[in-house]
Every structure is written in structure tokens, then in C-alpha cells.
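> Got a structure here, written out as C-alpha cells. Questions coming.
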Amino acid sequence: MPPGGARGRPVLAGLLRAFLRPYSRQSGLVVVLLAVQAAGNLYLPDLNADIIDHGVVDGDVGHILRAGGLMLGIVLALGAVSIATVYVAARVSMGAGADLRAAVYTRVRSFSAGEMDRFGVPSLITRNVNDVQQVQLFLMSLPVLVVAVIMSAGAVVMAVRESARLSLLLAVTVPVLALVVGVLLAVLVPLARSVQDRYDGMTLMLREQITGVRVIRAFVRTDAERDRFEEANAGMTATMLRANRIFAMTMPAVLIIANLSSVAVIWFGGRLVDGGAMPVGNLTAFLVYILQILVYALTAVTVVVLLPRAVAGAERIQEVLSTVPAVRDPARLVVPARVTGAVEFRGVAFGYPGGERPVLSDLTFELRPGRVSAIIGGTGSGKTTLINLIPRFFDATSGAVLVNGTDVREQEAEALWSAIGLVPQTSFLFGGTVAGNLRFGMPDATDERLWQALDVAQARDFVAALPGGLDAPVDQGGTNLSGGQRQRLSIARALVRRPRLYLFDDCFSALDTATDARLRAALRTETRDAAVVIAAQRVSTIMHADQIIVLDGGAVAGIGTHRRLLAGCAPYREIVASQLGAEAVR
Ligand SMILES: Nc1ncnc2c1ncn2[C@@H]1O[C@H](COP(=O)(O)OP(=O)(O)OP(=O)(O)O)[C@@H](O)[C@H]1O
């Protein structure tokens, strides 16, 4: 069902109800203040009629001054009430909007890699920023809608009070107005929804084009991509223009109805006044009420037009809020007796959600503390997937992964992660300084500790050469550093924490062979008591490991030392021969 359909509106209403609940007292106050404003505004024309009928017509200057003074007092009081309303309403909508954003953020933070993949990062950002803003915008204009409804209904009542006979005119005006507004909305609502969809598409395209700008240039696709953008931009402009053109017709349409109604009121009202059936003051008041009905109907339209985008936003937000992360802490936590860094895979199989075939199958092995274990395999053989099962980024489809002798599914995630030093395949640095990045997992680490970690990661020289050294600035994503420098800082960041279990996911590939060798030699001493797991494609990186696990198509093809595997594992021999030459396998 499209956004804004029968399912969409309850989603928006439900979301508003839930997030306005903590502000129910302030919201109640806003409604009361709005009602006071409406009552005052409805009373003013009546008071004006009184001045005309009993002051002007009777020539009673005292009455005019008294009623005029009262009018002035009411107008001033209404001004004060209006300021108070805006203040409280703004606090409610800003507060509820902030809570909504925080709720989406907290939920996204609890997502496992599976949910992240399902939504996609750009979409999660748009939902947290743009969609929340749409809902907030609607929330901010809700008081206008409330006023419009109270005022229109009140003006009808007051008009009938002024003259029941003349009110028969309303039987014509109101349906005509309803028809015009109905037609406008029927055209505008789908257009507004289409603007929202195009806006989404445009955001996605821009994100892709800006992120991939180097690839676009390298493949000489600049013109083609510009055309794609211009086409989308023109489409969006055309839709918005159409919506605005129709919206622009609203004002003249309502004005025509207003003017025709005024003529009719004066025509028929004049006759009633002439015949003595209606005082002239009531006629003026009646005119004002009719105009109020029309003006507030117009205001309501401007708010209702925001509805489709808010509904679409609410649906997308609700989708995030109602997604339960597949990886969660268990109800009963098991705390491992000892944190040793030991890892055990027991008959583990894994398939990505929606994937046809399992990516890993029947994995059984141990990764022991004090030893370097390597995982080697061709591209796509499942090395990263295997590593990701250890910190429980995904859960095994069958079998069990044990860390520190306990199933990872039974442990508290934060406790599990604090025992692990992970260096991902693609290093990621945060905007800030070198020291800020290194202290990411251990905020109170001393400078000495940072330099020690940089030493092991073979990064001391380049950091020392940076202006500012440890305080040298790092751009978001580490874009002001080379791939190898990023990689080494990312390794140092893991070392600073001195965890019991290191997971190096193919992170030595950006280093030249000599640096790679020096780094691994230094690592040996630094990580003496910890369990070290290195996933790699390069044989030279892992050949000296205590234990090498050969992955082939997601299954274990052999486990052993370099020497033993050369003797008895054909897939390993193939890998070695392809990288080091036939000589190496003789
Ligand atoms: N998020 C994902 N969703 C679906 N399938 C995935 C996902 N990530 C990886 N795969 C698939 O799982 C398989 C194993 O991928 P994985 O990244 O674990 O391999 P790898 O051995 O680390 O490869 P490389 O050395 O190229 O990094 C591949 O066939 C890949 O297409």
C-alpha cells in the first residue's frame, strides 16, 4: 500500500501519540490556549456588532468607549496568549522531534550487520534526519490545524447566532467550499507524495555520485552522470511546479467564493436589515464570520498538504523502530569463568539472510591463546564472514562459536567485544586527531602506550613526521592519510587496548612485504599471551603461523602448519604455487 494509504495514517497517528505522551500536559495546555484564542477571535465580531447596534446606531459614545476598550483589552490578551501558545507548542514539537530522532538512533545502534545491510546506510541516515524532520514539521503545524477546525466550527455557530435566516446561505457556501478543497486535496496529495519519492531518489543519486566522484571521472562518465542528475532534477522541478501551480489556484478560488458569499450576504442581509428583521451590526458580524470560515478552511489546506510527506516519513521511521535486531543479548547472561581469548568453532554453518547457499559450512577448529592462527583462502572463500562470527556481528545458522569457553550467544555483547581487538579489512578512522583515534577503545591510555602501539604497528616514523605528531589532525574516514597509513593506525588502535583476542581481517594487504614482515615480527612479542587470528590472501603473511586453516568455498580444506599443509593439502599447495612459484611447493 502506498504511503498515505489507510495503513499510513494510523502509523503517523500512532507515532505522534507515542512520542507526545511524555508531553501530554504541555499538549493539553496548547489545546486550551488555542481554544482561548479561538473563543476570543470569535467573540470580537460579536462585540463589534454590539458597538454598531448599541453604540453607533443609538449614538451612545460611552458604550462605544466601554466596548472599544474591552475589544482592545481582548486583542492585547490574545496577543499574549498567542505568544505563550507558540512558545509551549514549539517546546512540545522540538522535544518530541528530538525524542523521535534519539529513538531511531538508539534502534539503529542496536542493529546487527544483517539489519544494517537490509536497510543500507544512506537510507538509515535519511530516515534519521529527513523523515524525522517531515514528521516534526507536521507536528509543528498541528496547532494551526486545531485552530482552523475550532474557528470554522465556531464561526458557523456564531453566524447562526447572528442570523438564523441568513445562515441558510451557509448551506450553499460550505458545500461549495468543501468541494473546492476536496478537489484540491485529491490532486495535491498524490503530487506531494510524488515529490517525496523523487526527493528520496535524488538524495540516493547525489550520495552515490558524490561518493563515487573519482570513479565517475576515471571512467569518463561525468557527462552521463550529469545528464542523469539533470533528468531527475527536471522531473522533480516539474512535479513541484505542478503542485505549486495548483496550490496557487487555492487562494483565487477561495477569494472568489469569499467575494461571491459577501455579495450574497450583503444582498440578502441588506434586505433583512431594510425590513427591520436584522440589526445592521449583526450583518457586519455575519460577514466577518463567513470570511473566517473561508480563511480557516484555506489554512487547513496548507497544513493538510504536509500530511503525505509526514505519513511517508512516519512509515519509514516505524519500519526502523519495529525492526528487532537479530543479534541481541540473551535474557540470562553467562559470564565466562576466565577471559583467555580462546575461540572454538563447533560444526558452524552460516548463510546470509536471503542468500541461496550457505557461505560457511561445517567449520570445526580451535584458535588458542598464545598462538597465531591464520585463515587463508581465495577471494570470496568466506574469511571475513568467519571473522565476523567471532564478535557476533552475525549469528551462526547452525553450530556454535565459543569465545573464552562460552557460546557467544550467551554472553553480553559489550563484555565480549571488550576482550577482542578487531582490525577490519577496510580500515576506518574517525575525524579528530591521531591520538583520539588510538584512544578510541581506551580513553585513558598514556602517550607512552600510544607510541608503543605505533612502534609495533610500524607507524611511529610516519606519525612522528606528521605536524603535531599524536595531535596531528585526521579527516573523517582518514582521507588525509594513505591506505597503508590508515591500516597501520587501525592496527595500533587495536593494540592499545591489549585485548586477549586479536582479529586481523586481511589488514596487512595494504603494506609492502618488508613492512608486513617487520610488523608481524613485532606483533609476536606484543601479543605473546593472546590468541591472534590473521585472515589473509598472501601466503607470505601467514606461512609462519602456528596453525593455518585453509578455506575453500566456505569449508575447511586443511588445518596445520605451512610444512604439513604443503605435504598434504592440495588447495594450499595450489595457493602457494600460484604466489611463490612451483619451486616453493617442491
Ligand atoms: N553482507 C553480505 N550479504 C550477502 N552475501 C555476502 C555478504 N558479504 C559477503 N557475502 C558473500 O559471502 C561470500 C564470502 O564473502 P567474504 O567477504 O567472507 O569472503 P572473503 O574470503 O573475506 O573475501 P575477500 O578476500 O575478497 O575479502 C561471498 O560469496 C560474498 O558474495
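So you can find residues: chains in the C-alpha cells are A, B, ... in the order shown, residues in each start at 1, and ligands are numbered from 1 in order.
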Give me, as a ChimeraX atom specification, the residues of segment 476-582 of chain A that a backbone DSSP run labels strand (DSSP E or B).

/A:501-505,531-536,547-552,555-560

> If you keep C-alpha atoms, can you produce a file of those selected residues as a compact mmCIF listing (two decimals), in the first residue's frame?


```
# COMPACT_ATOMS: atom_id res chain seq x y z
CA LEU A 501 41.99 -11.96 21.25
CA TYR A 502 43.17 -10.20 18.08
CA LEU A 503 41.28 -10.48 14.82
CA PHE A 504 43.24 -9.14 11.83
CA ASP A 505 40.99 -9.32 8.79
CA ALA A 531 45.06 -15.54 20.66
CA VAL A 532 45.91 -13.99 17.30
CA VAL A 533 43.83 -14.67 14.20
CA ILE A 534 45.04 -13.40 10.85
CA ALA A 535 42.91 -13.73 7.74
CA ALA A 536 44.89 -13.17 4.56
CA GLN A 547 48.24 -23.03 12.69
CA ILE A 548 46.89 -22.34 9.22
CA ILE A 549 43.26 -23.01 8.31
CA VAL A 550 42.68 -23.30 4.59
CA LEU A 551 39.22 -22.22 3.49
CA ASP A 552 37.88 -23.37 0.18
CA ALA A 555 34.61 -25.25 4.06
CA VAL A 556 37.85 -26.24 5.77
CA ALA A 557 40.20 -27.79 3.21
CA GLY A 558 43.02 -28.37 5.67
CA ILE A 559 44.44 -27.36 9.04
CA GLY A 560 48.10 -27.45 10.03
```

> Residues of chain A within 10 Å of ligand 1: nearest atom pair and distance (Å, one decimal) for each, counting only C-alpha atoms and all ligand atoms, sorted by chain and number, as JSON lines?


```
{"residue": "A:Ala113", "atom": "CA", "partner": "ligand 1", "partner_atom_place_in_ligand_line": "1 (N)", "distance": 7.5}
{"residue": "A:Gly114", "atom": "CA", "partner": "ligand 1", "partner_atom_place_in_ligand_line": "1 (N)", "distance": 7.0}
{"residue": "A:Glu115", "atom": "CA", "partner": "ligand 1", "partner_atom_place_in_ligand_line": "1 (N)", "distance": 9.8}
{"residue": "A:Met116", "atom": "CA", "partner": "ligand 1", "partner_atom_place_in_ligand_line": "1 (N)", "distance": 9.0}
{"residue": "A:Asp117", "atom": "CA", "partner": "ligand 1", "partner_atom_place_in_ligand_line": "1 (N)", "distance": 6.1}
{"residue": "A:Arg118", "atom": "CA", "partner": "ligand 1", "partner_atom_place_in_ligand_line": "1 (N)", "distance": 8.8}
{"residue": "A:Phe350", "atom": "CA", "partner": "ligand 1", "partner_atom_place_in_ligand_line": "12 (O)", "distance": 9.5}
{"residue": "A:Gly351", "atom": "CA", "partner": "ligand 1", "partner_atom_place_in_ligand_line": "5 (N)", "distance": 7.9}
{"residue": "A:Tyr352", "atom": "CA", "partner": "ligand 1", "partner_atom_place_in_ligand_line": "4 (C)", "distance": 5.0}
{"residue": "A:Pro353", "atom": "CA", "partner": "ligand 1", "partner_atom_place_in_ligand_line": "4 (C)", "distance": 7.1}
{"residue": "A:Gly354", "atom": "CA", "partner": "ligand 1", "partner_atom_place_in_ligand_line": "4 (C)", "distance": 7.6}
{"residue": "A:Gly355", "atom": "CA", "partner": "ligand 1", "partner_atom_place_in_ligand_line": "4 (C)", "distance": 6.1}
{"residue": "A:Glu356", "atom": "CA", "partner": "ligand 1", "partner_atom_place_in_ligand_line": "5 (N)", "distance": 9.4}
{"residue": "A:Arg357", "atom": "CA", "partner": "ligand 1", "partner_atom_place_in_ligand_line": "29 (O)", "distance": 9.2}
{"residue": "A:Pro358", "atom": "CA", "partner": "ligand 1", "partner_atom_place_in_ligand_line": "12 (O)", "distance": 8.4}
{"residue": "A:Val359", "atom": "CA", "partner": "ligand 1", "partner_atom_place_in_ligand_line": "12 (O)", "distance": 5.3}
{"residue": "A:Leu360", "atom": "CA", "partner": "ligand 1", "partner_atom_place_in_ligand_line": "14 (C)", "distance": 8.0}
{"residue": "A:Ile375", "atom": "CA", "partner": "ligand 1", "partner_atom_place_in_ligand_line": "21 (O)", "distance": 9.1}
{"residue": "A:Ile376", "atom": "CA", "partner": "ligand 1", "partner_atom_place_in_ligand_line": "21 (O)", "distance": 8.0}
{"residue": "A:Gly377", "atom": "CA", "partner": "ligand 1", "partner_atom_place_in_ligand_line": "21 (O)", "distance": 6.2}
{"residue": "A:Gly378", "atom": "CA", "partner": "ligand 1", "partner_atom_place_in_ligand_line": "25 (O)", "distance": 6.1}
{"residue": "A:Thr379", "atom": "CA", "partner": "ligand 1", "partner_atom_place_in_ligand_line": "26 (O)", "distance": 3.6}
{"residue": "A:Gly380", "atom": "CA", "partner": "ligand 1", "partner_atom_place_in_ligand_line": "19 (O)", "distance": 3.5}
{"residue": "A:Ser381", "atom": "CA", "partner": "ligand 1", "partner_atom_place_in_ligand_line": "21 (O)", "distance": 3.9}
{"residue": "A:Gly382", "atom": "CA", "partner": "ligand 1", "partner_atom_place_in_ligand_line": "18 (O)", "distance": 3.2}
{"residue": "A:Lys383", "atom": "CA", "partner": "ligand 1", "partner_atom_place_in_ligand_line": "21 (O)", "distance": 3.8}
{"residue": "A:Thr384", "atom": "CA", "partner": "ligand 1", "partner_atom_place_in_ligand_line": "22 (O)", "distance": 3.7}
{"residue": "A:Thr385", "atom": "CA", "partner": "ligand 1", "partner_atom_place_in_ligand_line": "18 (O)", "distance": 3.7}
{"residue": "A:Leu386", "atom": "CA", "partner": "ligand 1", "partner_atom_place_in_ligand_line": "18 (O)", "distance": 6.4}
{"residue": "A:Ile387", "atom": "CA", "partner": "ligand 1", "partner_atom_place_in_ligand_line": "18 (O)", "distance": 8.1}
{"residue": "A:Asn388", "atom": "CA", "partner": "ligand 1", "partner_atom_place_in_ligand_line": "18 (O)", "distance": 8.4}
{"residue": "A:Phe394", "atom": "CA", "partner": "ligand 1", "partner_atom_place_in_ligand_line": "1 (N)", "distance": 9.9}
{"residue": "A:Gln425", "atom": "CA", "partner": "ligand 1", "partner_atom_place_in_ligand_line": "27 (O)", "distance": 7.3}
{"residue": "A:Thr426", "atom": "CA", "partner": "ligand 1", "partner_atom_place_in_ligand_line": "27 (O)", "distance": 9.5}
{"residue": "A:Asp505", "atom": "CA", "partner": "ligand 1", "partner_atom_place_in_ligand_line": "22 (O)", "distance": 7.8}
{"residue": "A:Asp506", "atom": "CA", "partner": "ligand 1", "partner_atom_place_in_ligand_line": "25 (O)", "distance": 7.2}
{"residue": "A:Ala535", "atom": "CA", "partner": "ligand 1", "partner_atom_place_in_ligand_line": "22 (O)", "distance": 7.9}
{"residue": "A:Ala536", "atom": "CA", "partner": "ligand 1", "partner_atom_place_in_ligand_line": "25 (O)", "distance": 7.1}
{"residue": "A:Gln537", "atom": "CA", "partner": "ligand 1", "partner_atom_place_in_ligand_line": "25 (O)", "distance": 6.4}
{"residue": "A:Arg538", "atom": "CA", "partner": "ligand 1", "partner_atom_place_in_ligand_line": "25 (O)", "distance": 9.9}
{"residue": "A:Leu551", "atom": "CA", "partner": "ligand 1", "partner_atom_place_in_ligand_line": "21 (O)", "distance": 8.1}
{"residue": "A:Asp552", "atom": "CA", "partner": "ligand 1", "partner_atom_place_in_ligand_line": "21 (O)", "distance": 9.0}
{"residue": "A:Gly553", "atom": "CA", "partner": "ligand 1", "partner_atom_place_in_ligand_line": "14 (C)", "distance": 8.2}
{"residue": "A:Gly554", "atom": "CA", "partner": "ligand 1", "partner_atom_place_in_ligand_line": "14 (C)", "distance": 7.3}
```

> Hey, can you spit out that residue selection with N, CA and C atoms as a compact mmCIF listing (two decimals), in the first residue's frame?


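Result file follows (out-v8.txt):
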```txt
# COMPACT_ATOMS: atom_id res chain seq x y z
N ALA A 113 24.89 -6.50 11.83
CA ALA A 113 25.28 -6.24 10.44
C ALA A 113 24.16 -6.61 9.47
N GLY A 114 23.33 -7.61 9.84
CA GLY A 114 22.24 -8.06 8.97
C GLY A 114 21.24 -6.94 8.70
N GLU A 115 20.80 -6.26 9.78
CA GLU A 115 19.82 -5.18 9.63
C GLU A 115 20.44 -3.99 8.90
N MET A 116 21.72 -3.74 9.19
CA MET A 116 22.42 -2.63 8.51
C MET A 116 22.40 -2.86 7.00
N ASP A 117 22.70 -4.12 6.62
CA ASP A 117 22.73 -4.46 5.20
C ASP A 117 21.34 -4.30 4.60
N ARG A 118 20.32 -4.73 5.36
CA ARG A 118 18.96 -4.73 4.82
C ARG A 118 18.48 -3.31 4.51
N PHE A 350 26.97 -21.10 8.12
CA PHE A 350 26.37 -19.76 8.08
C PHE A 350 25.95 -19.40 6.66
N GLY A 351 24.77 -18.81 6.55
CA GLY A 351 24.30 -18.29 5.27
C GLY A 351 23.75 -16.90 5.51
N TYR A 352 24.01 -15.95 4.59
CA TYR A 352 23.48 -14.60 4.76
C TYR A 352 21.97 -14.61 4.56
N PRO A 353 21.24 -13.74 5.29
CA PRO A 353 19.79 -13.70 5.13
C PRO A 353 19.46 -13.46 3.65
N GLY A 354 18.60 -14.27 3.12
CA GLY A 354 18.20 -14.11 1.72
C GLY A 354 19.15 -14.79 0.74
N GLY A 355 20.33 -15.21 1.23
CA GLY A 355 21.29 -15.87 0.34
C GLY A 355 20.84 -17.29 0.05
N GLU A 356 21.15 -17.77 -1.16
CA GLU A 356 20.66 -19.10 -1.53
C GLU A 356 21.47 -20.21 -0.88
N ARG A 357 22.83 -20.05 -0.96
CA ARG A 357 23.69 -21.12 -0.46
C ARG A 357 24.34 -20.69 0.85
N PRO A 358 24.68 -21.65 1.73
CA PRO A 358 25.46 -21.26 2.91
C PRO A 358 26.85 -20.80 2.48
N VAL A 359 27.36 -19.76 3.15
CA VAL A 359 28.68 -19.23 2.81
C VAL A 359 29.76 -20.02 3.55
N LEU A 360 29.41 -20.50 4.74
CA LEU A 360 30.34 -21.31 5.53
C LEU A 360 29.65 -22.62 5.88
N ILE A 375 44.00 -17.74 8.63
CA ILE A 375 42.94 -18.26 7.77
C ILE A 375 43.27 -17.79 6.37
N ILE A 376 43.47 -18.73 5.48
CA ILE A 376 43.81 -18.34 4.11
C ILE A 376 42.78 -18.94 3.16
N GLY A 377 42.54 -18.25 2.09
CA GLY A 377 41.58 -18.74 1.10
C GLY A 377 41.46 -17.70 0.01
N GLY A 378 40.97 -18.12 -1.12
CA GLY A 378 40.83 -17.19 -2.25
C GLY A 378 39.78 -16.13 -1.94
N THR A 379 39.63 -15.19 -2.85
CA THR A 379 38.65 -14.13 -2.63
C THR A 379 37.24 -14.73 -2.66
N GLY A 380 36.44 -14.35 -1.69
CA GLY A 380 35.07 -14.87 -1.61
C GLY A 380 34.98 -16.22 -0.93
N SER A 381 36.10 -16.69 -0.33
CA SER A 381 36.05 -18.03 0.28
C SER A 381 35.38 -18.01 1.66
N GLY A 382 35.17 -16.81 2.23
CA GLY A 382 34.43 -16.72 3.48
C GLY A 382 35.26 -16.29 4.68
N LYS A 383 36.46 -15.73 4.44
CA LYS A 383 37.35 -15.37 5.56
C LYS A 383 36.71 -14.28 6.43
N THR A 384 36.24 -13.19 5.79
CA THR A 384 35.64 -12.09 6.55
C THR A 384 34.40 -12.57 7.29
N THR A 385 33.61 -13.39 6.62
CA THR A 385 32.39 -13.89 7.24
C THR A 385 32.73 -14.68 8.50
N LEU A 386 33.76 -15.52 8.38
CA LEU A 386 34.19 -16.33 9.54
C LEU A 386 34.61 -15.42 10.70
N ILE A 387 35.43 -14.42 10.38
CA ILE A 387 35.90 -13.48 11.42
C ILE A 387 34.70 -12.78 12.07
N ASN A 388 33.72 -12.39 11.26
CA ASN A 388 32.56 -11.64 11.78
C ASN A 388 31.70 -12.45 12.74
N PHE A 394 27.22 -11.40 13.23
CA PHE A 394 26.15 -12.27 12.76
C PHE A 394 26.14 -13.49 13.67
N GLN A 425 38.94 -5.32 7.52
CA GLN A 425 39.61 -5.35 6.22
C GLN A 425 39.75 -3.93 5.66
N THR A 426 38.66 -3.16 5.74
CA THR A 426 38.74 -1.77 5.30
C THR A 426 38.87 -0.93 6.56
N ASP A 505 41.68 -8.86 9.99
CA ASP A 505 40.99 -9.32 8.79
C ASP A 505 41.67 -8.77 7.54
N ASP A 506 42.59 -9.53 7.00
CA ASP A 506 43.26 -9.18 5.75
C ASP A 506 43.76 -7.73 5.76
N ALA A 535 43.47 -13.27 9.00
CA ALA A 535 42.91 -13.73 7.74
C ALA A 535 43.70 -13.05 6.64
N ALA A 536 44.09 -13.77 5.63
CA ALA A 536 44.89 -13.17 4.56
C ALA A 536 44.78 -13.95 3.27
N GLN A 537 45.17 -13.25 2.19
CA GLN A 537 45.24 -13.94 0.91
C GLN A 537 46.68 -14.22 0.57
N ARG A 538 47.62 -13.44 1.20
CA ARG A 538 49.02 -13.53 0.84
C ARG A 538 49.70 -14.60 1.68
N LEU A 551 40.65 -22.26 3.82
CA LEU A 551 39.22 -22.22 3.49
C LEU A 551 39.05 -22.37 1.99
N ASP A 552 38.14 -23.22 1.61
CA ASP A 552 37.88 -23.37 0.18
C ASP A 552 36.37 -23.45 0.00
N GLY A 553 35.81 -22.44 -0.61
CA GLY A 553 34.35 -22.41 -0.81
C GLY A 553 33.59 -22.49 0.51
N GLY A 554 34.13 -21.89 1.57
CA GLY A 554 33.42 -21.83 2.85
C GLY A 554 33.60 -23.05 3.73
```

> Which residue gives the smallest distance to Pro45 of chain A among A:Ser322, A:Thr340, A:Asn282, A:Thr527, with only C-alpha atoms counted?

A:Asn282

> Determine, for each residue of segment 318-386 of chain A having at least one atom at most 12 Å from an atom of segment 125-135 of chain A, the closest pair of atoms and their separation in Å to one decimal, counting only C-alpha atoms; order by chain and ascending number, as JSON lines.


```
{"residue": "A:Gln318", "atom": "CA", "partner": "A:Arg127", "partner_atom": "CA", "distance": 9.7}
{"residue": "A:Glu319", "atom": "CA", "partner": "A:Arg127", "partner_atom": "CA", "distance": 9.7}
{"residue": "A:Val320", "atom": "CA", "partner": "A:Arg127", "partner_atom": "CA", "distance": 8.3}
{"residue": "A:Leu321", "atom": "CA", "partner": "A:Arg127", "partner_atom": "CA", "distance": 10.7}
```

> Keeping N, CA and C atoms, export the residues of the selection given above as an mmCIF file, in the first residue's frame.


```cif
data_model
loop_
_atom_site.group_PDB
_atom_site.id
_atom_site.type_symbol
_atom_site.label_atom_id
_atom_site.label_comp_id
_atom_site.auth_asym_id
_atom_site.auth_seq_id
_atom_site.Cartn_x
_atom_site.Cartn_y
_atom_site.Cartn_z
ATOM 1 N N GLN A 318 8.815 4.106 11.387
ATOM 2 C CA GLN A 318 8.216 2.981 12.094
ATOM 3 C C GLN A 318 8.887 1.670 11.695
ATOM 4 N N GLU A 319 9.251 1.590 10.399
ATOM 5 C CA GLU A 319 9.927 0.385 9.906
ATOM 6 C C GLU A 319 11.216 0.139 10.694
ATOM 7 N N VAL A 320 11.950 1.216 10.961
ATOM 8 C CA VAL A 320 13.198 1.094 11.726
ATOM 9 C C VAL A 320 12.884 0.724 13.179
ATOM 10 N N LEU A 321 11.906 1.467 13.757
ATOM 11 C CA LEU A 321 11.620 1.266 15.184
ATOM 12 C C LEU A 321 11.071 -0.124 15.467
#
```

> Extract, using only C-alpha atoms, all DNA, RNA and protein residues at most 10 Å from Ala232 of chain A, discarding same-chain residues fewer than 4 positions from it, and format them as an mmCIF file with C-alpha atoms, in the first residue's frame.


```
data_model
loop_
_atom_site.group_PDB
_atom_site.id
_atom_site.type_symbol
_atom_site.label_atom_id
_atom_site.label_comp_id
_atom_site.auth_asym_id
_atom_site.auth_seq_id
_atom_site.Cartn_x
_atom_site.Cartn_y
_atom_site.Cartn_z
ATOM 1 C CA ARG A 198 11.553 11.992 -6.109
ATOM 2 C CA TYR A 199 13.325 13.677 -3.230
ATOM 3 C CA GLY A 201 15.591 9.145 -5.294
ATOM 4 C CA MET A 202 17.508 12.373 -5.712
ATOM 5 C CA MET A 205 21.632 9.507 -6.500
ATOM 6 C CA ARG A 226 25.317 14.956 -15.102
ATOM 7 C CA ASP A 227 22.532 14.058 -17.564
ATOM 8 C CA ARG A 228 21.138 11.562 -15.063
ATOM 9 C CA MET A 236 11.410 16.988 -9.507
ATOM 10 C CA THR A 237 11.082 20.646 -10.576
ATOM 11 C CA ALA A 238 8.183 19.795 -12.901
#
```

> Separation of atom CA of Leu170 of chain A and atom CA of Leu255 of chain A, in Å?

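Spanning atom CA of Leu170 of chain A to atom CA of Leu255 of chain A is a straight-line distance of 15.8 Å.
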
> Can you pull out every residue from segment 337-464 of chain A that DSSP, working from the backbone, puts in alpha helix (DSSP H), and format the result as a PyMOL selection string?

chain A and resi 383-389+413-418+434-438+447-456+460-464

> Give me the residues near segment 61-75 of chain A as a list in words, where near means some atom within 12 Å (using only C-alpha atoms) and where sequence neighbours in that chain fewer than 5 positions away do not count.

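Surrounding residues, per the criterion: Val36, Gln37, Ala38, Ala39, Gly40, Asn41, Leu42, Tyr43, Leu44, Pro45, Asp46, Leu47, Asn48, Ala49, Asp50, Ile51, Ile52, Asp53, His54, Gly55, Val56, Ala80, Val81 and Ser82 of chain A.
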
> Would you mind listing what lies within 9 Å of Leu139 of chain A as a PyMOL selection string, with only C-alpha atoms counted and same-chain residues fewer than 3 positions away left out?

chain A and resi 16+92-93+96-97+134-136+142-143+310

> For the residues selected in the previous step, produce a file with C-alpha atoms as a CSV table (one decimal), in the first residue's frame.


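The resulting file, again-v8.csv, is shown below:
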```csv
chain,number,residue,atom,x,y,z
A,16,LEU,CA,2.6,11.1,17.3
A,92,VAL,CA,6.5,20.2,22.6
A,93,SER,CA,7.3,19.7,18.9
A,96,ALA,CA,9.0,15.2,20.6
A,97,GLY,CA,11.1,15.5,17.5
A,134,GLN,CA,8.9,15.7,8.0
A,135,VAL,CA,7.0,14.3,11.0
A,136,GLN,CA,8.3,17.2,13.1
A,142,LEU,CA,-0.8,20.8,14.0
A,143,PRO,CA,-1.9,23.8,16.2
A,310,ALA,CA,4.7,13.2,7.1
```

> With only C-alpha atoms as the counted atoms, please give the residues lying no more than 7 Å from Ala342 of chain A, apart from itself and same-chain residues fewer than 5 positions off, as a list of chain:residue names.

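My list of contacting residues is A:Leu367, A:Arg368, A:Pro369, A:Val403, A:Asn404, A:Gly405, A:Ala531.
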
> If you count only C-alpha atoms, which residues fall within 8 Å of Ala545 of chain A, apart from same-chain ones fewer than 5 positions away, as a PyMOL selection string?

chain A and resi 371-374+561-562

> Please determine, counting only C-alpha atoms, which residue among A:Ile257, A:Val327, A:Val30, A:Leu191 has the shortest atom-to-atom distance to Leu307 of chain A.

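Of A:Ile257, A:Val327, A:Val30, A:Leu191, the one nearest Leu307 of chain A, counting only C-alpha atoms, is A:Leu191.
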
> Between atom CA of Gly421 of chain A and atom CA of Pro499 of chain A, what is the distance, to one decimal in Å?

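Result for atom CA of Gly421 of chain A versus atom CA of Pro499 of chain A: 5.6 Å, one decimal.
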
> For atom CA of Val146 of chain A and atom CA of Ala35 of chain A, quote the distance in Å rounded to one decimal.

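Atom-to-atom, atom CA of Val146 of chain A to atom CA of Ala35 of chain A, that is 8.7 Å.
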
> Give the answer as one residue: which of A:Pro424, A:Gly14, A:Gly477, A:Gly270 has the shortest atom-to-atom distance to Ile317 of chain A, using only C-alpha atoms?

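Counting only C-alpha atoms, the residue closest to Ile317 of chain A is A:Gly14.
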